[in-house]
Each structure stands twice: as structure tokens, then as C-alpha cells.
Amino acid sequence: MDPNLFLTEKKYSRYIYHLLFVVTVGIAIFIRLKYVFIERMWPDEALYCWYAQRISNIPSLILSKEIIQFHPPLFSSLLALGHIFFQSEMACRIVSLVINIAGIIAIYFLGIRIRSHFLGLFASAALAFNYLYLSQSTHILADGPMALFCMLFILFLSKIDATSPRKYDIYVGLTGMSVILIKWPGIIIVPIVAIYYFLVLPQTSLLKRFQKMLVPLAILGSVTLFMVIYFSFLTGKMWPDFTVLKGVYFQKPFWYYILKFHNIVIIPFIIPFFLIGLFMISREKDNRTKLLLIWFLVFFLSLSISKEKDLRYSLLILPGSLLIAGIGFEETLKKFLKIPKQILIAKIICILCILLFYWQTYPRTQRFLDGGAKQFTGFKETGNWIEKQVGVHTRIIAGSPRIIRYYSGINFQEYGGSITMLPETKKEFEELVRSTEAPLIMEIDYWERAQPKWIYPLSESRIKYLDGLGFKLQKTVSRTVENEDKDVVWIFSRK
């Protein structure tokens with residue numbers, strides 16, 4: 001870097017970047033706050049909220065089959081910590097918001113570590129108002145926390161060199177362990193450790209590289225092995241469900257994330273700079289930019305190879321993409337501008353253009369966020385009603401069992417409760433009804449499209465069918481859907 005440019009940035013720009021960053025974080029918090037109070041509850045959100053509530057009430061359940069049968073317990077444990085200060089649902093929403101904001105802060109310091117204060121501000125501003133990332137702050141899902149811990153993992157890994165103290169190897173192992181303990185697909189960070197230690201430390205012998213790498217790999221390997229063996233012991237399954245790797249639901253072609261890249265980064269004018277950044281990084285010898293390239297490629301290829309693809313999974317490649325684009329822009333400026341003051345002004349204009357773009361598109365973003373916040377509503381009222389109606393022997397058949405479990409406080413049958421899923425076929429349902437002498441409560445809703453086709457969507461003929469089996473409509477819950485008042489939950493009972 002040119003000495004004059006360095007001195008100029010050191011004296012003037014650092015404070016400007018810090019100020020703009022504080023403003024960015026402040027605005028990011030402000031526009032997210034109202035979504036802490038929404039009613040929506042997705043089935044996956046209800047899963048994490050229930051786990052958090054259970055861990056908060058009975059901490060010894062943290063490694064129980066009930067908690068780890070789908071995902072490792074770290075995210076649920078973080079949500080449980082929020083229960084110390086807030087009520088259950090509010091606690092989960094606030095913790096999700098805090099984690100989302102922490103991701104904006106993390107990428108700022110990661111950008112500084114990799115290249116410059118400008119890169120940190122560029123990436124944090126682009127991430128803070130990115131629709132994909134912003135929408136995660138309104139959801140209680142593990143994808144955002146996984147992105148955060150990935151950034152922390154890369155931040156510590158970037159500190160590794162031939163002379164770095166052993167504590168940084170331990171930090172790499174611990175942050176990498178956290179990624180795995182958020183969701184099982186986090187194991188794809190293991191190749192990043194191996195590749196980085198072997199390829200970017202050429203000044204050390206092969207033996208010394210292996211010795212340094214052994215520390216984080218030992219932490220990652222021991223934790224993963226323990227969790228897999230323990231999971232197998234509890235559930236009887238050989239492996240956990242690495243769904244995002246093997247793919248069973250949203251199957252898409254290999255190039256899905258390439259075709260959707262504009263939907264991932266959102267800002268169209270940074271895509272050329274992303275390509276420039278990829279080219280420039282591939283030619284550089286700096287270890288930290290090499291790490292950025294390794295990080296992006298490993299996650300991009302892993303997610304692309306997976307048959308199951310969804311845009312929210314791309315949160316794992318979004319931070320790296322923005323950092324690469326920022327490097328591309330910075331390198332482009334150096335080619336055309338030579339005077340440090342001009343470069344600084346151009347960088348600030350770039351940041352302002354990013355903020356202006358998001359300001360102009362925010363009305364549309366807000367419509368999407370507000371529309372999503374009005375879905376999957378009515379369940380809290382439903383759960384409260386069911387909780388009051390349930391007797392000692394009552395069985396509950398639910399179209400959205402995870403949500404009903406959370407709001408009613410009644411567990412699934414396999415864990416000592418009385419909630420079961422709707423049977424997949426009409427024949428199975430009729431057999432269940434005939435074989436059950438106890439009172440039955442049945443919940444059907446407008447939202448969950450995974451409900452069995454023999455009952456969903458609910459219609460007059462299907463209500464008559466249920467009436468023939470002795471089910472009477474006891475309660476409906478209405479909400480505003482597409483500017484109309486509609487019934488969104490129906491509750492039937494059979495005495």
C-alpha cells in the first residue's frame with residue numbers, strides 16, 4: 001500500500017468509517033425492532049422456541065433425545081439464556097435480533113482484519129440491509145446464528161500464521177465447534193481448517209503445519225464424534241440428519257445459487273466488483289485473502305453439490321461474497337485513482353450509494369417483511385384455548401403439531417404428552433379415531449401446506465366428513481389475510 005495513502009487513512013478515514021458504521025448499526029437496530037412484537041410463528045421457529053423453553057425450565061434436558069433429535073443444542077441454549085430476562089417468545093425474538101446485529105458487527109471487524117476499515121464498512125453496510133439477512137432477524141431460525149459463528153471462525157482463523165500463539169489454534173477449534181453445534185451441516189468447516197493450514201503456511205515444514213492443525217482438528221473431531229455417537233445411542237440412527245448436505249426437500253440443480261446470485265447479494269452493481277474481486281484474490285499471495293477465497297469456495301461448492309437448496313442456506317456464502325466484492329471495488333479504485341484523498345472520497349461515495357440503494361428499495365423490502373409477519377398467525381390463541389380444554393385423557397391431533405405444542409405447553413405423545421400429528425391417509429385417521437375411546441381435539445389450519453391432502457385445504461365437504469366421524473367444530477380463529485378477515489385455524493372435538 002502507498003505510504004501516503006496509509007497515513008491519510010490512518011489519520012482521517014478510520015474515524016469516518018467508525019462513525020458510518022455506528023450509524024449503520026443504529027439504523028439496522030431501529031428497522032428491526034418492530035418485528036420483535038409480531039405474532040407469526042413458523043413450525044421450525046416453534047421447534048427452537050420449545051427447545052429453549054424446555055432447557056430454561058429443565059437445564060438437564062440440553063442433551064436429551066427430545067432436544068438433539070433434529071439439531072445440536074447450541075442455538076436452543078442461546079435462546080434459553082434469553083428466558084432469564086424475558087418471557088419465552090419475546091426472549092427468543094430478542095436473542096435472534098441480537099445475534100443478527102452481532103453478525104453485522106462481526107463482518108465489520110472481519111473486513112478490517114482481512115484488508116481495511118473500508119472493506120469492513122462496505123461489507124457491514126451491504127449485509128445490514130440485505131433482504132435475505134434482514135429477514136432472518138425476524139425469524140427464530142438457526143441459519144443466521146450459523147452465519148455469525150462462521151464469521152467468528154474465519155476471524156480467528158485469519159490470525160493463524162507460522163508464529164501465531166497456540167491460543168489462536170484453540171480459538172479456531174472452539175469457534176469451529178460452535179458452528180457444528182448450531183447445525184449439523186456445520187461440519188463443512190473442517191475442510192477449511194485443513195486447506196488453510198496446509199496451503200497458506202508454506203514457510204513452515206509439513207510437520208509443523210500438521211502439529212498446528214492438530215489442535216483445532218482435535219477439538220472439532222472430538223466434539224463431532226461425541227455428538228454423533230451420543231445421537232446414535234439416543235435415537236438408534238447411525239447418523240444425524242445432514243439434510244442440507246444430502247437433500248430431500250427443496251431439490252434444485254447444481255447451478256441454483258449461481259442463477260440466484262443476484263437474489264443473494266441484492267445490490268446489482270456490486271456483482272461486477274465481486275467478479276473482479278475473485279480474480280484479484282486468486283492472484284494475491286496474502287494469507288487472509290486466500291482464506292476468504294477458501295471460505296467462499298468450500299461453502300459455495302458444498303451447498304451447490306447438495307440436492308436440497310434454499311435461498312436462506314445461502315446466508316453461509318453471503319458474507320464472503322460481500323467481502324470479495326468490497327475487495328474488487330477497492331482494487332478497481334487503485335487502478336483509476338492515485339491521489340489518497342480522491343480514493344477516500346470515492347470510498348465514502350460507494351458506501352453512501354449502498355445506503356441510498358437500500359433506502360430506495362426499503363418500501364418493497366418492508367412490504368415483504370410485513371407480509372411475512374402476517375403469516376402463520378392465530379396459533380397463540382389456539383394453543384391457549386386447547387390448553388384450557390384438555391382433560392387428563394384427551395388426545396390432540398394437530399395439523400401444525402410443533403406450533404400447537406409450543407403454545408399449549410403440551411408435549412408430543414412420545415415424550416409423555418398427548419399431541420400427535422395428523423395421519424397421512426384418511427384410512428389411518430379413521431383407524432385412529434375408532435381405536436381411541438378418549439376425547440379427541442383436532443386442529444386444522446390455513447397455513448401449513450404440509451398437512452395431509454385428504455383434509456387440507458379444509459372445505460365444507462371435509463367438515464361434513466369429520467362430522468360423520470363425530471367431530472364437531474368448537475372454535476375458529478380469524479386473522480387478516482390479504483386484507484380480508486379469514487378463518488385461519490379450525491378446532492374440532494369428539495367427546
# chains A, B, ... in the order shown; residues from 1 in each chain; ligands from 1
call {"tool": "residues_around", "arguments": {"residues": "Val223 in chain A", "least_positions_apart": "5", "cutoff": "12 Å", "atoms": "only C-alpha atoms", "output": "PyMOL selection string"}}
result
chain A and resi 72+173-181+184+187+216-218+228-231
call {"tool": "write_last_selection", "arguments": {"atoms": "C-alpha atoms", "output": "compact mmCIF listing (two decimals), in the first residue's frame"}}
result
# COMPACT_ATOMS: atom_id res chain seq x y z
CA PRO A 72 -27.39 -29.86 18.10
CA GLY A 173 -11.25 -25.07 17.26
CA LEU A 174 -13.76 -23.57 19.66
CA THR A 175 -15.43 -21.27 17.12
CA GLY A 176 -15.49 -24.08 14.58
CA MET A 177 -17.05 -26.32 17.21
CA SER A 178 -19.74 -23.68 17.73
CA VAL A 179 -20.60 -23.75 14.02
CA ILE A 180 -21.11 -27.52 14.18
CA LEU A 181 -23.15 -27.27 17.40
CA TRP A 184 -25.05 -30.48 11.68
CA ILE A 187 -19.07 -29.90 9.57
CA PRO A 216 -8.31 -27.27 16.12
CA LEU A 217 -8.96 -30.58 14.37
CA ALA A 218 -8.73 -32.42 17.68
CA VAL A 228 -22.65 -38.35 16.58
CA ILE A 229 -22.12 -41.35 18.89
CA TYR A 230 -24.37 -39.85 21.53
CA PHE A 231 -27.04 -39.06 18.92
call {"tool": "residues_around", "arguments": {"residues": "Tyr171 in chain A", "least_positions_apart": "5", "cutoff": "12 Å", "atoms": "only C-alpha atoms", "output": "list in words"}}
result
Phe149, Leu152, Phe153, Ile154, Leu155, Phe156, Leu157, Ser158, Lys159, Ile160, Ser164, Pro165, Arg166, Gly176, Met177, Ser178, Val215, Pro216, Leu217, Ile219 and Leu220 of chain A
call {"tool": "residues_around", "arguments": {"residues": "Asp467 in chain A", "least_positions_apart": "6", "cutoff": "12 Å", "atoms": "only C-alpha atoms", "output": "PyMOL selection string"}}
result
chain A and resi 460-461+473-474+492-494
call {"tool": "write_last_selection", "arguments": {"atoms": "N, CA and C atoms", "output": "JSON list (two decimals), in the first residue's frame"}}
result
[["chain", "number", "residue", "atom", "x", "y", "z"],
["A", 460, "GLU", "N", -66.10, -27.44, 2.97],
["A", 460, "GLU", "CA", -67.39, -27.84, 3.55],
["A", 460, "GLU", "C", -67.56, -29.36, 3.51],
["A", 461, "SER", "N", -67.16, -29.96, 2.41],
["A", 461, "SER", "CA", -67.32, -31.42, 2.30],
["A", 461, "SER", "C", -66.44, -32.15, 3.31],
["A", 473, "LEU", "N", -67.29, -28.82, 15.18],
["A", 473, "LEU", "CA", -66.47, -27.61, 15.16],
["A", 473, "LEU", "C", -66.72, -26.81, 16.44],
["A", 474, "GLN", "N", -65.66, -26.63, 17.22],
["A", 474, "GLN", "CA", -65.78, -25.96, 18.52],
["A", 474, "GLN", "C", -65.32, -24.50, 18.47],
["A", 492, "PHE", "N", -61.74, -28.83, 16.14],
["A", 492, "PHE", "CA", -62.84, -29.78, 16.25],
["A", 492, "PHE", "C", -62.63, -30.63, 17.50],
["A", 493, "SER", "N", -63.71, -31.18, 18.00],
["A", 493, "SER", "CA", -63.59, -32.10, 19.12],
["A", 493, "SER", "C", -64.56, -33.25, 18.97],
["A", 494, "ARG", "N", -64.16, -34.39, 19.51],
["A", 494, "ARG", "CA", -65.06, -35.55, 19.59],
["A", 494, "ARG", "C", -65.04, -36.05, 21.03]]
call {"tool": "closest_residue", "arguments": {"among": "A:Val22, A:Met151, A:Ile192, A:Ala80", "to": "Phe109 in chain A", "atoms": "only C-alpha atoms"}}
result
A:Met151
call {"tool": "atom_distance", "arguments": {"atom1": "CA of Ala438 in chain A", "atom2": "CA of Trp50 in chain A"}}
result
26.1 Å
call {"tool": "select_by_dssp", "arguments": {"residues": "range 335-456 of chain A", "states": "strand (DSSP E or B)", "output": "list in words"}}
result
Arg395, Ile396, Ile397, Ala398, Phe412, Ile419, Thr420, Met421, Leu440, Ile441, Met442, Glu443, Ile444 and Asp445 of chain A
call {"tool": "write_last_selection", "arguments": {"atoms": "N, CA and C atoms", "output": "PDB file, in the first residue's frame"}}
result
ATOM      1  N   ARG A 395     -56.708 -36.625  23.823  1.00  0.00           N
ATOM      2  CA  ARG A 395     -55.658 -36.685  22.812  1.00  0.00           C
ATOM      3  C   ARG A 395     -55.847 -35.545  21.814  1.00  0.00           C
ATOM      4  N   ILE A 396     -54.737 -34.988  21.353  1.00  0.00           N
ATOM      5  CA  ILE A 396     -54.771 -33.856  20.430  1.00  0.00           C
ATOM      6  C   ILE A 396     -54.148 -34.278  19.108  1.00  0.00           C
ATOM      7  N   ILE A 397     -54.902 -34.115  18.033  1.00  0.00           N
ATOM      8  CA  ILE A 397     -54.399 -34.394  16.687  1.00  0.00           C
ATOM      9  C   ILE A 397     -54.210 -33.054  15.996  1.00  0.00           C
ATOM     10  N   ALA A 398     -52.975 -32.743  15.618  1.00  0.00           N
ATOM     11  CA  ALA A 398     -52.680 -31.383  15.153  1.00  0.00           C
ATOM     12  C   ALA A 398     -52.132 -31.360  13.736  1.00  0.00           C
ATOM     13  N   PHE A 412     -45.451 -33.822  22.843  1.00  0.00           N
ATOM     14  CA  PHE A 412     -45.848 -34.919  21.966  1.00  0.00           C
ATOM     15  C   PHE A 412     -46.053 -36.193  22.786  1.00  0.00           C
ATOM     16  N   ILE A 419     -50.068 -34.930  22.204  1.00  0.00           N
ATOM     17  CA  ILE A 419     -50.185 -34.407  20.838  1.00  0.00           C
ATOM     18  C   ILE A 419     -49.619 -35.401  19.841  1.00  0.00           C
ATOM     19  N   THR A 420     -50.374 -35.641  18.768  1.00  0.00           N
ATOM     20  CA  THR A 420     -49.896 -36.459  17.653  1.00  0.00           C
ATOM     21  C   THR A 420     -50.139 -35.704  16.353  1.00  0.00           C
ATOM     22  N   MET A 421     -49.401 -36.087  15.324  1.00  0.00           N
ATOM     23  CA  MET A 421     -49.592 -35.483  14.004  1.00  0.00           C
ATOM     24  C   MET A 421     -50.833 -36.054  13.341  1.00  0.00           C
ATOM     25  N   LEU A 440     -61.144 -36.484  21.811  1.00  0.00           N
ATOM     26  CA  LEU A 440     -60.184 -36.044  20.802  1.00  0.00           C
ATOM     27  C   LEU A 440     -60.389 -34.570  20.478  1.00  0.00           C
ATOM     28  N   ILE A 441     -59.286 -33.855  20.362  1.00  0.00           N
ATOM     29  CA  ILE A 441     -59.300 -32.477  19.863  1.00  0.00           C
ATOM     30  C   ILE A 441     -58.458 -32.465  18.596  1.00  0.00           C
ATOM     31  N   MET A 442     -58.985 -31.847  17.560  1.00  0.00           N
ATOM     32  CA  MET A 442     -58.305 -31.850  16.269  1.00  0.00           C
ATOM     33  C   MET A 442     -58.110 -30.416  15.788  1.00  0.00           C
ATOM     34  N   GLU A 443     -56.883 -30.086  15.391  1.00  0.00           N
ATOM     35  CA  GLU A 443     -56.561 -28.744  14.888  1.00  0.00           C
ATOM     36  C   GLU A 443     -56.194 -28.809  13.410  1.00  0.00           C
ATOM     37  N   ILE A 444     -56.858 -27.983  12.621  1.00  0.00           N
ATOM     38  CA  ILE A 444     -56.547 -27.816  11.201  1.00  0.00           C
ATOM     39  C   ILE A 444     -56.310 -26.332  10.970  1.00  0.00           C
ATOM     40  N   ASP A 445     -55.357 -26.002  10.123  1.00  0.00           N
ATOM     41  CA  ASP A 445     -55.113 -24.574   9.910  1.00  0.00           C
ATOM     42  C   ASP A 445     -54.948 -24.256   8.429  1.00  0.00           C
TER      43      ASP A 445
END
call {"tool": "residues_around", "arguments": {"residues": "Ile305 in chain A", "least_positions_apart": "3", "cutoff": "6 Å", "atoms": "only C-alpha atoms", "output": "ChimeraX atom specification"}}
result
/A:254,301-302
call {"tool": "closest_residue", "arguments": {"among": "A:Val477, A:Ile348, A:Val489, A:Ile58", "to": "Ser400 in chain A", "atoms": "only C-alpha atoms"}}
result
A:Val489
call {"tool": "closest_residue", "arguments": {"among": "A:Tyr415, A:Tyr456, A:Phe226, A:Ala125", "to": "Ile354 in chain A", "atoms": "only C-alpha atoms"}}
result
A:Ala125
call {"tool": "residues_around", "arguments": {"residues": "Arg93 in chain A", "least_positions_apart": "2", "cutoff": "12 Å", "atoms": "only C-alpha atoms", "output": "JSON, numbers by chain"}}
result
{"A": [32, 33, 34, 35, 36, 37, 38, 39, 40, 41, 45, 46, 48, 49, 52, 78, 79, 80, 82, 83, 86, 87, 88, 89, 90, 91, 95, 96, 97, 98, 99, 100, 136, 137, 138, 139, 140, 141]}
call {"tool": "write_last_selection", "arguments": {"atoms": "C-alpha atoms", "output": "compact mmCIF listing (two decimals), in the first residue's frame"}}
result
# COMPACT_ATOMS: atom_id res chain seq x y z
CA ARG A 32 -35.69 -4.50 13.10
CA LEU A 33 -37.24 -3.59 16.45
CA LYS A 34 -40.89 -3.67 15.39
CA TYR A 35 -40.56 -7.30 14.26
CA VAL A 36 -39.82 -8.36 17.83
CA PHE A 37 -43.55 -7.94 18.51
CA ILE A 38 -45.02 -9.92 15.59
CA GLU A 39 -47.44 -12.83 16.06
CA ARG A 40 -46.12 -15.13 13.31
CA MET A 41 -44.73 -18.50 14.35
CA GLU A 45 -39.44 -21.41 14.87
CA ALA A 46 -41.78 -23.21 17.27
CA TYR A 48 -36.46 -23.90 18.61
CA CYS A 49 -38.73 -21.95 20.97
CA ALA A 52 -35.36 -23.17 24.55
CA LEU A 78 -28.62 -19.38 23.45
CA LEU A 79 -32.36 -18.80 23.17
CA ALA A 80 -32.80 -20.31 26.64
CA GLY A 82 -32.84 -15.03 26.94
CA HIS A 83 -35.50 -16.55 29.20
CA PHE A 86 -37.78 -12.02 29.10
CA GLN A 87 -40.87 -14.16 28.66
CA SER A 88 -40.48 -17.19 26.42
CA GLU A 89 -41.47 -15.97 22.94
CA MET A 90 -40.15 -12.44 23.49
CA ALA A 91 -36.86 -13.90 24.74
CA VAL A 95 -31.96 -13.19 21.14
CA SER A 96 -32.46 -13.70 17.39
CA LEU A 97 -32.30 -9.93 16.89
CA VAL A 98 -29.13 -9.62 18.98
CA ILE A 99 -27.45 -12.43 17.05
CA ASN A 100 -28.40 -10.78 13.76
CA GLN A 136 -33.53 -13.63 9.30
CA SER A 137 -33.67 -11.11 12.15
CA THR A 138 -37.46 -11.51 12.11
CA HIS A 139 -37.26 -15.31 12.31
CA ILE A 140 -36.21 -17.60 15.13
CA LEU A 141 -34.09 -19.85 12.93
call {"tool": "atom_distance", "arguments": {"atom1": "CA of Pro452 in chain A", "atom2": "CA of Glu424 in chain A"}}
result
5.3 Å
call {"tool": "closest_residue", "arguments": {"among": "A:Tyr197, A:Tyr168, A:Trp447, A:Tyr257", "to": "Thr377 in chain A", "atoms": "only C-alpha atoms"}}
result
A:Trp447
call {"tool": "decode", "arguments": {"residues": "range 133-216 of chain A", "atoms": "C-alpha atoms", "output": "PDB file, in the first residue's frame"}}
result
ATOM      1  CA  TYR A 133     -30.091 -11.268   6.066  1.00  0.00           C
ATOM      2  CA  LEU A 134     -32.590  -8.718   7.352  1.00  0.00           C
ATOM      3  CA  SER A 135     -35.455 -11.191   7.091  1.00  0.00           C
ATOM      4  CA  GLN A 136     -33.531 -13.629   9.296  1.00  0.00           C
ATOM      5  CA  SER A 137     -33.673 -11.112  12.148  1.00  0.00           C
ATOM      6  CA  THR A 138     -37.462 -11.507  12.112  1.00  0.00           C
ATOM      7  CA  HIS A 139     -37.260 -15.305  12.314  1.00  0.00           C
ATOM      8  CA  ILE A 140     -36.210 -17.605  15.133  1.00  0.00           C
ATOM      9  CA  LEU A 141     -34.086 -19.849  12.929  1.00  0.00           C
ATOM     10  CA  ALA A 142     -30.540 -21.227  13.141  1.00  0.00           C
ATOM     11  CA  ASP A 143     -29.305 -20.011   9.733  1.00  0.00           C
ATOM     12  CA  GLY A 144     -28.435 -16.511  10.971  1.00  0.00           C
ATOM     13  CA  PRO A 145     -26.546 -17.759  14.057  1.00  0.00           C
ATOM     14  CA  MET A 146     -24.667 -20.222  11.885  1.00  0.00           C
ATOM     15  CA  ALA A 147     -23.544 -17.371   9.619  1.00  0.00           C
ATOM     16  CA  LEU A 148     -22.411 -15.391  12.685  1.00  0.00           C
ATOM     17  CA  PHE A 149     -20.314 -18.215  14.100  1.00  0.00           C
ATOM     18  CA  CYS A 150     -18.843 -18.875  10.662  1.00  0.00           C
ATOM     19  CA  MET A 151     -17.645 -15.273  10.563  1.00  0.00           C
ATOM     20  CA  LEU A 152     -16.148 -15.579  14.049  1.00  0.00           C
ATOM     21  CA  PHE A 153     -14.469 -18.825  12.974  1.00  0.00           C
ATOM     22  CA  ILE A 154     -12.937 -17.129   9.916  1.00  0.00           C
ATOM     23  CA  LEU A 155     -11.902 -14.124  12.032  1.00  0.00           C
ATOM     24  CA  PHE A 156      -9.824 -16.324  14.357  1.00  0.00           C
ATOM     25  CA  LEU A 157      -8.550 -18.488  11.514  1.00  0.00           C
ATOM     26  CA  SER A 158      -7.239 -15.341   9.811  1.00  0.00           C
ATOM     27  CA  LYS A 159      -4.936 -14.795  12.820  1.00  0.00           C
ATOM     28  CA  ILE A 160      -3.122 -18.070  12.173  1.00  0.00           C
ATOM     29  CA  ASP A 161       0.389 -17.846  10.757  1.00  0.00           C
ATOM     30  CA  ALA A 162       3.731 -19.549  11.326  1.00  0.00           C
ATOM     31  CA  THR A 163       4.368 -17.652  14.561  1.00  0.00           C
ATOM     32  CA  SER A 164       0.846 -17.295  15.972  1.00  0.00           C
ATOM     33  CA  PRO A 165       0.489 -18.499  19.579  1.00  0.00           C
ATOM     34  CA  ARG A 166      -1.238 -21.785  20.355  1.00  0.00           C
ATOM     35  CA  LYS A 167      -4.228 -19.986  21.875  1.00  0.00           C
ATOM     36  CA  TYR A 168      -5.389 -18.922  18.391  1.00  0.00           C
ATOM     37  CA  ASP A 169      -5.388 -22.558  17.264  1.00  0.00           C
ATOM     38  CA  ILE A 170      -7.613 -23.276  20.259  1.00  0.00           C
ATOM     39  CA  TYR A 171      -9.904 -20.346  19.378  1.00  0.00           C
ATOM     40  CA  VAL A 172     -10.213 -21.711  15.837  1.00  0.00           C
ATOM     41  CA  GLY A 173     -11.246 -25.073  17.258  1.00  0.00           C
ATOM     42  CA  LEU A 174     -13.760 -23.567  19.664  1.00  0.00           C
ATOM     43  CA  THR A 175     -15.430 -21.269  17.121  1.00  0.00           C
ATOM     44  CA  GLY A 176     -15.485 -24.083  14.580  1.00  0.00           C
ATOM     45  CA  MET A 177     -17.047 -26.325  17.209  1.00  0.00           C
ATOM     46  CA  SER A 178     -19.744 -23.682  17.728  1.00  0.00           C
ATOM     47  CA  VAL A 179     -20.603 -23.750  14.022  1.00  0.00           C
ATOM     48  CA  ILE A 180     -21.108 -27.521  14.185  1.00  0.00           C
ATOM     49  CA  LEU A 181     -23.147 -27.265  17.402  1.00  0.00           C
ATOM     50  CA  ILE A 182     -25.544 -24.824  15.729  1.00  0.00           C
ATOM     51  CA  LYS A 183     -26.481 -27.181  12.864  1.00  0.00           C
ATOM     52  CA  TRP A 184     -25.051 -30.482  11.680  1.00  0.00           C
ATOM     53  CA  PRO A 185     -24.104 -29.138   8.218  1.00  0.00           C
ATOM     54  CA  GLY A 186     -21.526 -27.024  10.029  1.00  0.00           C
ATOM     55  CA  ILE A 187     -19.067 -29.900   9.565  1.00  0.00           C
ATOM     56  CA  ILE A 188     -18.184 -28.386   6.188  1.00  0.00           C
ATOM     57  CA  ILE A 189     -15.871 -26.013   8.068  1.00  0.00           C
ATOM     58  CA  VAL A 190     -13.454 -28.909   8.675  1.00  0.00           C
ATOM     59  CA  PRO A 191     -12.019 -28.812   5.106  1.00  0.00           C
ATOM     60  CA  ILE A 192     -11.449 -25.068   5.503  1.00  0.00           C
ATOM     61  CA  VAL A 193      -9.202 -25.727   8.504  1.00  0.00           C
ATOM     62  CA  ALA A 194      -7.230 -28.421   6.710  1.00  0.00           C
ATOM     63  CA  ILE A 195      -6.823 -26.466   3.467  1.00  0.00           C
ATOM     64  CA  TYR A 196      -5.814 -23.239   5.194  1.00  0.00           C
ATOM     65  CA  TYR A 197      -3.213 -24.767   7.500  1.00  0.00           C
ATOM     66  CA  PHE A 198      -1.606 -26.785   4.714  1.00  0.00           C
ATOM     67  CA  LEU A 199      -1.730 -24.313   1.827  1.00  0.00           C
ATOM     68  CA  VAL A 200      -1.188 -20.890   3.362  1.00  0.00           C
ATOM     69  CA  LEU A 201       1.693 -21.676   5.705  1.00  0.00           C
ATOM     70  CA  PRO A 202       4.398 -22.575   3.141  1.00  0.00           C
ATOM     71  CA  GLN A 203       7.181 -21.067   5.228  1.00  0.00           C
ATOM     72  CA  THR A 204       6.828 -23.839   7.803  1.00  0.00           C
ATOM     73  CA  SER A 205       7.589 -27.521   7.459  1.00  0.00           C
ATOM     74  CA  LEU A 206       4.868 -30.055   6.757  1.00  0.00           C
ATOM     75  CA  LEU A 207       5.307 -31.485  10.244  1.00  0.00           C
ATOM     76  CA  LYS A 208       4.881 -28.102  11.952  1.00  0.00           C
ATOM     77  CA  ARG A 209       1.799 -27.338   9.883  1.00  0.00           C
ATOM     78  CA  PHE A 210       0.322 -30.664  10.891  1.00  0.00           C
ATOM     79  CA  GLN A 211       1.152 -30.033  14.548  1.00  0.00           C
ATOM     80  CA  LYS A 212      -0.567 -26.632  14.477  1.00  0.00           C
ATOM     81  CA  MET A 213      -3.564 -28.002  12.614  1.00  0.00           C
ATOM     82  CA  LEU A 214      -3.902 -30.897  15.053  1.00  0.00           C
ATOM     83  CA  VAL A 215      -5.136 -28.596  17.830  1.00  0.00           C
ATOM     84  CA  PRO A 216      -8.314 -27.270  16.124  1.00  0.00           C
TER      85      PRO A 216
END
